file my_file-v3.cif (mmCIF, C-alpha atoms)
data_input
loop_
_atom_site.label_atom_id
_atom_site.label_comp_id
_atom_site.auth_asym_id
_atom_site.auth_seq_id
_atom_site.Cartn_x
_atom_site.Cartn_y
_atom_site.Cartn_z
CA MET A 180 -39.17 -73.97 -77.32
CA ILE A 181 -38.52 -76.66 -74.70
CA PHE A 182 -36.81 -74.14 -72.43
CA SER A 183 -39.74 -71.70 -72.79
CA ILE A 184 -42.23 -74.41 -71.80
CA ALA A 185 -40.01 -75.34 -68.86
CA LEU A 186 -39.95 -71.72 -67.65
CA ILE A 187 -43.74 -71.48 -67.86
CA ILE A 188 -44.09 -74.68 -65.83
CA LEU A 189 -41.63 -73.37 -63.21
CA ALA A 190 -43.61 -70.13 -62.94
CA ILE A 191 -46.88 -72.05 -62.50
CA PHE A 192 -45.35 -74.11 -59.70
CA GLY A 193 -44.19 -71.05 -57.79
CA ALA A 194 -40.63 -70.33 -58.90
CA PRO A 195 -39.63 -66.75 -57.97
CA LEU A 196 -40.74 -64.45 -60.75
CA PHE A 197 -37.40 -62.64 -61.07
CA THR A 198 -35.59 -65.95 -61.73
CA VAL A 199 -38.02 -66.85 -64.50
CA ILE A 200 -37.65 -63.40 -66.10
CA ALA A 201 -33.85 -63.48 -65.79
CA ALA A 202 -33.68 -66.96 -67.31
CA SER A 203 -35.88 -65.90 -70.25
CA ALA A 204 -33.64 -62.86 -70.83
CA MET A 205 -30.52 -65.04 -70.76
CA LEU A 206 -32.06 -67.44 -73.29
CA GLY A 207 -32.99 -64.55 -75.55
CA TYR A 208 -29.56 -62.92 -75.36
CA GLN A 209 -27.82 -66.24 -75.94
CA LYS A 210 -30.01 -66.89 -78.97
CA GLU A 211 -29.01 -63.53 -80.45
CA GLY A 212 -25.32 -64.10 -79.63
CA ILE A 213 -25.17 -61.17 -77.19
CA ASP A 214 -22.72 -61.28 -74.28
CA LEU A 215 -24.61 -62.13 -71.08
CA MET A 216 -22.73 -59.30 -69.31
CA ALA A 217 -25.24 -57.02 -71.04
CA ILE A 218 -27.85 -58.32 -68.60
CA ALA A 219 -25.79 -57.16 -65.62
CA ILE A 220 -25.41 -53.75 -67.25
CA GLU A 221 -29.19 -53.53 -67.73
CA VAL A 222 -29.83 -54.53 -64.09
CA LEU A 223 -27.40 -51.91 -62.79
CA GLY A 224 -29.07 -49.41 -65.11
CA ILE A 225 -32.01 -49.02 -62.74
CA ALA A 226 -29.76 -46.81 -60.57
CA SER A 227 -29.99 -44.08 -63.22
CA MET A 228 -33.78 -44.12 -63.36
CA PRO A 229 -35.36 -40.80 -62.33
CA MET A 230 -37.56 -40.74 -59.22
CA LEU A 231 -36.44 -44.25 -58.19
CA SER A 232 -35.52 -43.05 -54.69
CA ALA A 233 -39.18 -42.16 -54.05
CA ILE A 234 -40.15 -45.85 -53.96
CA PRO A 235 -38.22 -46.94 -50.82
CA LEU A 236 -38.86 -43.63 -49.03
CA PHE A 237 -42.65 -43.64 -49.46
CA THR A 238 -42.77 -47.38 -48.68
CA PHE A 239 -40.83 -46.89 -45.44
CA ALA A 240 -43.12 -44.02 -44.40
CA GLY A 241 -46.21 -46.15 -45.13
CA TYR A 242 -44.95 -49.08 -43.07
CA LEU A 243 -44.11 -46.77 -40.16
CA LEU A 244 -47.70 -45.49 -40.24
CA SER A 245 -49.10 -49.03 -40.33
CA HIS A 246 -47.05 -50.09 -37.28
CA SER A 247 -48.11 -47.06 -35.24
CA ASN A 248 -51.55 -46.10 -33.93
CA ALA A 249 -52.15 -43.92 -37.00
CA PRO A 250 -54.83 -46.34 -38.36
CA HIS A 251 -56.87 -45.91 -35.15
CA ARG A 252 -56.59 -42.13 -35.31
CA LEU A 253 -57.55 -42.11 -39.00
CA VAL A 254 -60.66 -44.20 -38.35
CA ARG A 255 -61.67 -42.03 -35.40
CA MET A 256 -61.29 -38.84 -37.45
CA THR A 257 -63.28 -40.10 -40.45
CA ASN A 258 -65.91 -41.55 -38.11
CA ALA A 259 -66.31 -38.17 -36.37
CA LEU A 260 -66.87 -36.51 -39.75
CA LEU A 261 -69.03 -39.16 -41.46
CA GLY A 262 -70.22 -41.62 -38.82
CA TRP A 263 -73.39 -39.66 -38.00
CA MET A 264 -74.74 -40.14 -41.55
CA PRO A 265 -77.01 -43.04 -42.56
CA GLY A 266 -74.57 -45.75 -43.57
CA GLY A 267 -71.79 -43.41 -42.48
CA LEU A 268 -69.52 -46.11 -41.08
CA ALA A 269 -69.33 -47.71 -44.54
CA LEU A 270 -68.15 -44.37 -45.92
CA VAL A 271 -65.63 -44.19 -43.08
CA ALA A 272 -64.22 -47.57 -44.15
CA LEU A 273 -63.94 -46.52 -47.80
CA ALA A 274 -62.31 -43.15 -47.06
CA ALA A 275 -59.91 -44.46 -44.41
CA CYS A 276 -58.78 -47.42 -46.51
CA ALA A 277 -58.29 -45.30 -49.64
CA PHE A 278 -56.13 -42.83 -47.70
CA PHE A 279 -54.12 -45.56 -46.02
CA THR A 280 -53.53 -47.58 -49.22
CA ALA A 281 -52.35 -44.45 -51.02
CA PHE A 282 -49.58 -44.00 -48.45
CA THR A 283 -48.62 -47.65 -47.93
CA GLY A 284 -48.95 -48.68 -51.58
CA ALA A 285 -49.97 -52.18 -50.47
CA SER A 286 -53.59 -53.20 -50.20
CA GLY A 287 -52.80 -56.24 -48.08
CA VAL A 288 -51.28 -54.01 -45.40
CA THR A 289 -54.48 -51.95 -45.34
CA ILE A 290 -56.69 -55.01 -44.81
CA ILE A 291 -54.48 -56.21 -41.96
CA ALA A 292 -53.99 -52.78 -40.33
CA LEU A 293 -57.52 -51.36 -40.67
CA GLY A 294 -59.56 -54.54 -40.98
CA ALA A 295 -59.12 -55.33 -37.28
CA ILE A 296 -60.70 -51.95 -36.48
CA LEU A 297 -63.39 -51.62 -39.16
CA TYR A 298 -64.73 -55.17 -39.48
CA PRO A 299 -65.93 -55.54 -35.86
CA ALA A 300 -67.13 -51.91 -35.82
CA LEU A 301 -69.33 -52.50 -38.88
CA LYS A 302 -70.68 -55.71 -37.34
CA GLN A 303 -71.45 -53.94 -34.07
CA ASP A 304 -73.34 -51.21 -35.94
CA GLY A 305 -75.66 -53.81 -37.47
CA TYR A 306 -74.32 -54.03 -41.01
CA PRO A 307 -74.82 -57.41 -42.76
CA ASP A 308 -71.85 -59.70 -42.26
CA ASN A 309 -71.33 -60.45 -45.95
CA PHE A 310 -71.42 -56.74 -46.72
CA ASN A 311 -68.79 -56.06 -44.03
CA LEU A 312 -66.46 -58.72 -45.41
CA GLY A 313 -66.87 -57.51 -48.99
CA LEU A 314 -66.47 -53.85 -48.08
CA VAL A 315 -63.27 -54.25 -46.05
CA THR A 316 -61.73 -56.61 -48.61
CA THR A 317 -62.58 -54.29 -51.51
CA SER A 318 -61.55 -51.11 -49.70
CA GLY A 319 -58.05 -52.51 -49.32
CA SER A 320 -57.37 -51.98 -53.02
CA LEU A 321 -58.74 -48.43 -53.15
CA GLY A 322 -56.25 -45.59 -53.08
CA LEU A 323 -53.87 -46.99 -55.70
CA LEU A 324 -54.83 -44.10 -58.02
CA PHE A 325 -54.13 -41.44 -55.39
CA ALA A 326 -50.73 -39.86 -54.71
CA PRO A 327 -48.28 -40.97 -53.42
CA SER A 328 -49.30 -44.50 -54.39
CA LEU A 329 -46.33 -46.76 -55.08
CA PRO A 330 -47.82 -48.30 -58.28
CA LEU A 331 -48.34 -44.79 -59.68
CA ILE A 332 -44.70 -43.92 -59.05
CA LEU A 333 -43.44 -47.20 -60.50
CA TYR A 334 -45.62 -46.80 -63.60
CA GLY A 335 -44.19 -43.30 -64.16
CA VAL A 336 -40.64 -44.64 -63.79
CA VAL A 337 -41.18 -47.53 -66.22
CA ALA A 338 -43.19 -45.53 -68.78
CA GLU A 339 -40.82 -42.54 -68.45
CA ILE A 340 -43.64 -40.02 -68.06
CA SER A 341 -44.13 -37.23 -65.52
CA ILE A 342 -45.08 -38.70 -62.13
CA ASP A 343 -46.48 -35.32 -61.05
CA ASP A 344 -48.90 -35.35 -63.99
CA LEU A 345 -49.71 -39.01 -63.37
CA PHE A 346 -50.68 -38.09 -59.80
CA LYS A 347 -53.05 -35.44 -61.18
CA ALA A 348 -54.49 -37.86 -63.74
CA GLY A 349 -55.46 -40.33 -60.99
CA VAL A 350 -57.46 -37.90 -58.82
CA LEU A 351 -60.83 -37.88 -60.63
CA PRO A 352 -60.84 -41.59 -61.64
CA GLY A 353 -60.01 -42.49 -58.03
CA MET A 354 -62.83 -40.27 -56.78
CA LEU A 355 -65.23 -41.91 -59.25
CA MET A 356 -64.46 -45.32 -57.76
CA LEU A 357 -65.02 -43.98 -54.24
CA VAL A 358 -68.30 -42.27 -55.18
CA LEU A 359 -69.76 -45.34 -56.91
CA LEU A 360 -68.83 -47.64 -54.03
CA SER A 361 -70.16 -45.11 -51.51
CA GLY A 362 -73.45 -44.85 -53.38
CA TYR A 363 -73.80 -48.64 -53.49
CA SER A 364 -72.96 -48.93 -49.77
CA LEU A 365 -75.56 -46.33 -48.80
CA TRP A 366 -78.23 -47.90 -51.00
CA ILE A 367 -77.66 -51.49 -49.85
CA ASN A 368 -77.89 -50.46 -46.19
CA ARG A 369 -80.88 -48.13 -46.49
CA HIS A 370 -83.01 -50.51 -44.35
CA ASN A 371 -80.23 -52.04 -42.26
CA ARG A 372 -78.75 -49.51 -39.88
CA LYS A 373 -78.96 -48.49 -36.29
CA PRO A 374 -80.46 -45.15 -35.27
CA LEU A 375 -78.18 -42.26 -36.18
CA ALA A 376 -75.74 -40.89 -33.64
CA SER A 377 -75.73 -37.13 -33.28
CA PHE A 378 -72.94 -35.11 -34.81
CA SER A 379 -70.57 -33.80 -32.15
CA TRP A 380 -68.22 -30.88 -32.67
CA LYS A 381 -66.47 -31.96 -29.49
CA GLU A 382 -65.73 -35.40 -30.97
CA VAL A 383 -64.59 -33.83 -34.26
CA GLY A 384 -62.25 -31.50 -32.37
CA GLY A 385 -60.92 -34.35 -30.23
CA ALA A 386 -60.36 -36.59 -33.27
CA PHE A 387 -58.57 -33.85 -35.19
CA TRP A 388 -56.43 -32.98 -32.18
CA GLU A 389 -55.47 -36.64 -31.72
CA ALA A 390 -54.52 -36.87 -35.41
CA LYS A 391 -52.79 -33.47 -35.49
CA TRP A 392 -49.43 -34.98 -36.41
CA GLU A 393 -50.79 -37.01 -39.35
CA LEU A 394 -53.01 -34.24 -40.75
CA PRO A 395 -50.14 -32.27 -42.35
CA LEU A 396 -49.04 -35.31 -44.38
CA PRO A 397 -51.45 -34.99 -47.34
CA ILE A 398 -50.97 -31.22 -47.32
CA VAL A 399 -47.18 -31.53 -47.43
CA VAL A 400 -47.10 -34.35 -49.98
CA LEU A 401 -49.95 -33.41 -52.32
CA GLY A 402 -49.69 -29.64 -51.88
CA GLY A 403 -45.93 -29.71 -52.34
CA ILE A 404 -46.07 -31.90 -55.47
CA TYR A 405 -49.06 -30.25 -57.15
CA SER A 406 -47.77 -26.74 -56.48
CA GLY A 407 -44.37 -27.60 -57.91
CA PHE A 408 -42.61 -26.77 -54.63
CA PHE A 409 -41.41 -30.37 -54.24
CA ALA A 410 -40.28 -32.91 -56.79
CA VAL A 411 -41.66 -36.39 -56.11
CA SER A 412 -38.34 -37.65 -54.73
CA GLU A 413 -38.05 -34.59 -52.46
CA ALA A 414 -41.62 -35.08 -51.21
CA ALA A 415 -40.78 -38.72 -50.46
CA ALA A 416 -37.71 -37.72 -48.43
CA VAL A 417 -39.67 -35.10 -46.46
CA THR A 418 -42.51 -37.58 -45.82
CA ALA A 419 -40.19 -40.34 -44.59
CA LEU A 420 -38.27 -37.98 -42.29
CA TYR A 421 -41.47 -36.41 -40.92
CA VAL A 422 -43.16 -39.74 -40.20
CA LEU A 423 -39.98 -41.11 -38.62
CA VAL A 424 -39.62 -38.13 -36.28
CA VAL A 425 -43.32 -38.10 -35.33
CA GLU A 426 -43.88 -41.83 -34.75
CA VAL A 427 -40.50 -42.64 -33.17
CA PHE A 428 -39.42 -39.51 -31.32
CA ILE A 429 -42.56 -37.42 -30.66
CA LEU A 430 -45.38 -39.93 -30.18
CA ARG A 431 -42.96 -42.79 -29.38
CA GLU A 432 -45.39 -45.41 -30.68
CA ILE A 433 -42.54 -47.23 -32.41
CA LYS A 434 -39.56 -48.00 -30.20
CA LEU A 435 -36.05 -47.47 -31.50
CA ARG A 436 -35.36 -51.17 -31.09
CA GLU A 437 -38.37 -51.94 -33.33
CA LEU A 438 -37.16 -49.65 -36.11
CA PRO A 439 -34.83 -52.18 -37.80
CA ALA A 440 -37.68 -54.71 -38.04
CA VAL A 441 -39.98 -52.13 -39.68
CA MET A 442 -37.21 -51.10 -42.07
CA ARG A 443 -36.52 -54.73 -42.97
CA GLU A 444 -40.21 -55.44 -43.59
CA SER A 445 -40.65 -52.41 -45.83
CA MET A 446 -37.42 -53.00 -47.76
CA LEU A 447 -38.41 -56.60 -48.48
CA LEU A 448 -41.22 -55.19 -50.62
CA VAL A 449 -38.93 -52.60 -52.20
CA GLY A 450 -36.18 -55.16 -52.82
CA GLY A 451 -38.60 -57.49 -54.54
CA ILE A 452 -39.82 -54.68 -56.79
CA LEU A 453 -36.31 -53.51 -57.69
CA ILE A 454 -35.05 -57.04 -58.46
CA ILE A 455 -38.02 -57.66 -60.77
CA LEU A 456 -37.56 -54.21 -62.32
CA GLY A 457 -33.86 -54.82 -62.95
CA VAL A 458 -34.17 -58.21 -64.65
CA SER A 459 -37.27 -57.02 -66.53
CA LEU A 460 -35.25 -54.23 -68.13
CA ALA A 461 -32.98 -56.84 -69.67
CA SER A 462 -35.89 -59.02 -70.79
CA THR A 463 -37.88 -56.06 -72.13
CA ASN A 464 -34.94 -54.64 -74.09
CA TYR A 465 -34.40 -58.02 -75.72
CA MET A 466 -38.09 -58.24 -76.69
CA ILE A 467 -38.00 -54.69 -78.09
CA ASP A 468 -34.83 -55.46 -80.08
CA ALA A 469 -36.48 -58.64 -81.33
CA GLY A 470 -39.50 -56.63 -82.50
CA VAL A 471 -42.02 -58.32 -80.18
CA PRO A 472 -44.22 -55.18 -79.78
CA GLN A 473 -44.39 -54.82 -83.55
CA GLN A 474 -45.34 -58.47 -83.94
CA ILE A 475 -48.06 -58.12 -81.30
CA LEU A 476 -49.33 -54.93 -82.98
CA ALA A 477 -49.45 -56.66 -86.38
CA TYR A 478 -51.45 -59.50 -84.85
CA ILE A 479 -53.83 -57.20 -82.97
CA THR A 480 -54.56 -54.98 -85.98
CA GLU A 481 -55.94 -58.01 -87.80
CA PHE A 482 -58.80 -58.11 -85.29
CA VAL A 483 -58.89 -54.60 -83.78
CA SER A 484 -59.60 -51.55 -85.88
CA SER A 485 -60.38 -48.79 -83.37
CA PRO A 486 -59.07 -47.39 -80.06
CA ALA A 487 -62.33 -48.40 -78.34
CA SER A 488 -62.00 -52.06 -79.30
CA PHE A 489 -58.30 -52.03 -78.38
CA LEU A 490 -59.10 -50.66 -74.92
CA PHE A 491 -61.74 -53.34 -74.36
CA LEU A 492 -59.30 -56.06 -75.41
CA LEU A 493 -56.72 -54.53 -73.05
CA PHE A 494 -59.31 -54.53 -70.24
CA ILE A 495 -59.96 -58.27 -70.65
CA PHE A 496 -56.23 -58.97 -70.80
CA LEU A 497 -55.54 -56.94 -67.64
CA LEU A 498 -58.34 -58.68 -65.74
CA ILE A 499 -56.71 -62.03 -66.45
CA LEU A 500 -53.22 -60.69 -65.80
CA GLY A 501 -54.26 -59.08 -62.50
CA ALA A 502 -55.63 -62.38 -61.23
CA ILE A 503 -52.32 -64.21 -61.70
CA LEU A 504 -49.67 -61.50 -61.32
CA ASP A 505 -49.11 -58.79 -58.72
CA ILE A 506 -49.42 -55.18 -59.88
CA PHE A 507 -45.71 -54.35 -59.53
CA SER A 508 -44.59 -57.27 -61.69
CA ALA A 509 -47.27 -56.47 -64.26
CA ILE A 510 -46.10 -52.87 -64.53
CA VAL A 511 -42.46 -53.68 -65.23
CA LEU A 512 -43.25 -56.63 -67.53
CA VAL A 513 -46.21 -55.44 -69.58
CA VAL A 514 -46.12 -51.62 -69.72
CA PRO A 515 -43.06 -51.36 -72.03
CA LEU A 516 -44.78 -53.71 -74.47
CA ILE A 517 -48.21 -52.07 -74.58
CA LEU A 518 -47.00 -48.43 -74.70
CA PRO A 519 -45.95 -48.48 -78.39
CA ILE A 520 -49.07 -50.46 -79.32
CA ALA A 521 -51.39 -47.99 -77.55
CA ALA A 522 -49.55 -45.11 -79.22
CA GLN A 523 -50.51 -46.55 -82.63
CA TYR A 524 -54.16 -46.14 -81.63
CA GLY A 525 -53.62 -42.57 -80.42
CA ILE A 526 -54.23 -43.32 -76.73
CA ASN A 527 -52.77 -40.73 -74.36
CA ASP A 528 -49.91 -42.03 -72.18
CA PHE A 529 -51.46 -40.73 -68.94
CA HIS A 530 -54.92 -42.07 -69.78
CA LEU A 531 -53.36 -45.44 -70.58
CA GLY A 532 -51.55 -45.39 -67.22
CA ILE A 533 -54.71 -44.76 -65.22
CA VAL A 534 -56.65 -47.39 -67.20
CA PHE A 535 -53.84 -49.90 -66.63
CA LEU A 536 -53.64 -49.29 -62.88
CA ALA A 537 -57.42 -49.15 -62.40
CA ALA A 538 -57.89 -52.46 -64.22
CA MET A 539 -54.97 -54.09 -62.39
CA GLN A 540 -56.55 -52.91 -59.14
CA LEU A 541 -59.41 -55.28 -59.93
CA GLY A 542 -56.92 -58.12 -60.02
CA TYR A 543 -56.70 -57.99 -56.22
CA LEU A 544 -60.34 -59.12 -56.17
CA THR A 545 -60.49 -61.36 -59.23
CA PRO A 546 -60.81 -65.13 -58.68
CA PRO A 547 -59.17 -67.53 -58.55
CA VAL A 548 -55.97 -66.02 -57.13
CA GLY A 549 -56.73 -62.36 -56.28
CA LEU A 550 -54.36 -61.45 -53.44
CA ASN A 551 -56.89 -59.54 -51.30
CA LEU A 552 -59.26 -62.50 -51.36
CA PHE A 553 -56.70 -64.75 -49.70
CA ILE A 554 -55.53 -62.10 -47.23
CA ALA A 555 -59.13 -61.44 -46.14
CA SER A 556 -59.85 -65.17 -45.91
CA TYR A 557 -56.86 -65.62 -43.59
CA ARG A 558 -57.37 -62.38 -41.64
CA PHE A 559 -61.08 -62.90 -40.88
CA ASP A 560 -61.03 -66.71 -40.78
CA ARG A 561 -63.60 -67.10 -43.56
CA SER A 562 -63.71 -69.63 -46.39
CA ILE A 563 -62.38 -68.40 -49.71
CA MET A 564 -65.76 -69.08 -51.37
CA ASN A 565 -67.45 -66.90 -48.76
CA VAL A 566 -64.99 -64.10 -49.58
CA TYR A 567 -65.64 -64.58 -53.31
CA SER A 568 -69.39 -64.16 -52.88
CA ALA A 569 -69.03 -61.23 -50.48
CA THR A 570 -66.78 -59.23 -52.80
CA PHE A 571 -68.62 -60.01 -56.07
CA PRO A 572 -71.07 -57.04 -55.96
CA PHE A 573 -68.21 -54.65 -55.17
CA LEU A 574 -66.15 -56.14 -58.00
CA MET A 575 -69.02 -55.44 -60.43
CA ILE A 576 -69.21 -51.81 -59.25
CA LEU A 577 -65.46 -51.39 -59.70
CA MET A 578 -65.60 -52.99 -63.16
CA LEU A 579 -68.26 -50.44 -64.15
CA SER A 580 -66.05 -47.62 -62.87
CA VAL A 581 -63.03 -48.92 -64.83
CA LEU A 582 -65.09 -49.05 -68.03
CA MET A 583 -66.21 -45.46 -67.41
CA ILE A 584 -62.60 -44.38 -66.86
CA MET A 585 -61.55 -46.26 -69.99
CA TYR A 586 -64.08 -44.68 -72.34
CA TRP A 587 -64.11 -41.23 -70.74
CA PRO A 588 -60.49 -40.08 -71.22
CA GLY A 589 -61.39 -36.55 -70.14
CA LEU A 590 -61.78 -37.84 -66.60
CA SER A 591 -58.07 -38.68 -66.48
CA LEU A 592 -56.87 -35.73 -68.54
CA TRP A 593 -59.03 -32.86 -67.26
CA LEU A 594 -56.69 -31.80 -64.45
CA LEU A 595 -53.72 -32.00 -66.82
CA SER A 596 -55.24 -29.32 -69.03
CA GLU A 597 -55.68 -26.90 -66.16
#
call {"tool": "encode", "arguments": {"input": "my_file-v3.cif", "output": "structure tokens"}}
result
Amino acid sequence: MIFSIALIILAIFGAPLFTVIAASAMLGYQKEGIDLMAIAIEVLGIASMPMLSAIPLFTFAGYLLSHSNAPHRLVRMTNALLGWMPGGLALVALAACAFFTAFTGASGVTIIALGAILYPALKQDGYPDNFNLGLVTTSGSLGLLFAPSLPLILYGVVAEISIDDLFKAGVLPGMLMLVLLSGYSLWINRHNRKPLASFSWKEVGGAFWEAKWELPLPIVVLGGIYSGFFAVSEAAAVTALYVLVVEVFILREIKLRELPAVMRESMLLVGGILIILGVSLASTNYMIDAGVPQQILAYITEFVSSPASFLFLLFIFLLILGAILDIFSAIVLVVPLILPIAAQYGINDFHLGIVFLAAMQLGYLTPPVGLNLFIASYRFDRSIMNVYSATFPFLMILMLSVLMIMYWPGLSLWLLSE
């Protein structure tokens, strides 16, 4: 008991998460009289996980895109298509950020890469400053439900379900979030916008021509995966090779001498995920052997009698969890524990996955420690309380969308039945 309290205190004071997890696993194994070498075997066991190679490959491709001029081309293209509409620049921000986050898998990267372009552009077009701050901060977390999002892949690996089908399950819920935020953005700015610019086919053509090398990416990745032509790992390899050739050798926006730094930056994220995943396997297997999921289920069933009430309880739990834990750690720590419990209530594995990721997405914006809040505060030199107030309306819209996704399972499962 003393050791458990000590580990909690260490975690609160910023000890690396993987060390806390590893220590808890070692205590558990020692308590059960199991050789601690079993932990090393569990850690090395991640090498046999299917689709694991997709994580570093997609991450590397996303970081290459963020270090090139691809964000500028993406904003220009979406602006040419949507910028002429009333409130169109807000839609540009939502669409561009969702696309970029899907490929990088990291919302903080999106805020840093696209925020420098979109925030001053929105201000120049006469949008309210608080709205601009809230929109850019919120948009950074969009896209996590769209392929080839890294959290989607990691969830599929941990839950041992089809990543291809998980990609399909995220399409409509992700679109719902975009539509609700777009509707709110258009409504809030109905009286605050500059006169409309005229639509220009010349600008559309120029923007598409400038982005001609990035345009095939979603077609190759999504078309290849959904059609069954590519497995996820194969699509990741093709994407990484294509982006590398385009950005380094064709467009030459990333110098060869800069490539090691980009690789190191991207693999820091991957390494952190894999270390946490490895030690979590050991900790999770101990908890499963010790019957922790069954104990949690027995406790929950005393208070929860229906799938609807279980989902609401899960929603509250994930809101709290998302505010204190990053999405990757939450996936590897919590998913193995809640899967058997959700199964007892008859909740579909893919629906549960989308609910989990959509709710954890809110954690980026949930006070007091939502990651996007601090990144935006630092990036735009605004007080954290100012960021809180600016993002609050968007957080409420996203909460509504998560509740709709939660209690409308057909939204997640419709494309799976096709």
call {"tool": "residues_around", "arguments": {"input": "my_file-v3.cif", "residues": "stretch 569-575 of chain A", "least_positions_apart": "2", "cutoff": "8 Å", "atoms": "only C-alpha atoms", "output": "number ranges by chain"}}
result
A: 309-310, 312-314, 316-317, 360, 541, 544-545, 565-567, 577-579
call {"tool": "write_last_selection", "arguments": {"input": "my_file-v3.cif", "atoms": "C-alpha atoms", "output": "PDB file, keeping the file's coordinate frame"}}
result
ATOM      1  CA  ASN A 309     -71.330 -60.450 -45.950  1.00  0.00           C
ATOM      2  CA  PHE A 310     -71.420 -56.740 -46.720  1.00  0.00           C
ATOM      3  CA  LEU A 312     -66.460 -58.720 -45.410  1.00  0.00           C
ATOM      4  CA  GLY A 313     -66.870 -57.510 -48.990  1.00  0.00           C
ATOM      5  CA  LEU A 314     -66.470 -53.850 -48.080  1.00  0.00           C
ATOM      6  CA  THR A 316     -61.730 -56.610 -48.610  1.00  0.00           C
ATOM      7  CA  THR A 317     -62.580 -54.290 -51.510  1.00  0.00           C
ATOM      8  CA  LEU A 360     -68.830 -47.640 -54.030  1.00  0.00           C
ATOM      9  CA  LEU A 541     -59.410 -55.280 -59.930  1.00  0.00           C
ATOM     10  CA  LEU A 544     -60.340 -59.120 -56.170  1.00  0.00           C
ATOM     11  CA  THR A 545     -60.490 -61.360 -59.230  1.00  0.00           C
ATOM     12  CA  ASN A 565     -67.450 -66.900 -48.760  1.00  0.00           C
ATOM     13  CA  VAL A 566     -64.990 -64.100 -49.580  1.00  0.00           C
ATOM     14  CA  TYR A 567     -65.640 -64.580 -53.310  1.00  0.00           C
ATOM     15  CA  LEU A 577     -65.460 -51.390 -59.700  1.00  0.00           C
ATOM     16  CA  MET A 578     -65.600 -52.990 -63.160  1.00  0.00           C
ATOM     17  CA  LEU A 579     -68.260 -50.440 -64.150  1.00  0.00           C
TER      18      LEU A 579
END
call {"tool": "resolve_selection", "arguments": {"input": "my_file-v3.cif", "expression": "the PyMOL selection byres ((chain A and resi 326) around 7)", "output": "VMD selection string"}}
result
chain A and resid 281 324 to 325 327 to 328 346 401
call {"tool": "resolve_selection", "arguments": {"input": "my_file-v3.cif", "expression": "the PyMOL selection byres ((chain A and resi 256) around 8)", "output": "VMD selection string"}}
result
chain A and resid 252 to 255 257 to 260 383 386 to 387 390
call {"tool": "resolve_selection", "arguments": {"input": "my_file-v3.cif", "expression": "the PyMOL selection byres ((chain A and resi 398) around 12)", "output": "NGL selection string"}}
result
:A and (326-327 or 392-397 or 399-406 or 408-409 or 414 or 417-418)
call {"tool": "residues_around", "arguments": {"input": "my_file-v3.cif", "residues": "A:Arg558", "least_positions_apart": "4", "cutoff": "9 Å", "atoms": "only C-alpha atoms", "output": "compact mmCIF listing (two decimals) with C-alpha atoms, in the frame of the given file"}}
result
# COMPACT_ATOMS: atom_id res chain seq x y z
CA ILE A 290 -56.69 -55.01 -44.81
CA ILE A 291 -54.48 -56.21 -41.96
CA GLY A 294 -59.56 -54.54 -40.98
CA ALA A 295 -59.12 -55.33 -37.28
CA PHE A 553 -56.70 -64.75 -49.70
CA ILE A 554 -55.53 -62.10 -47.23
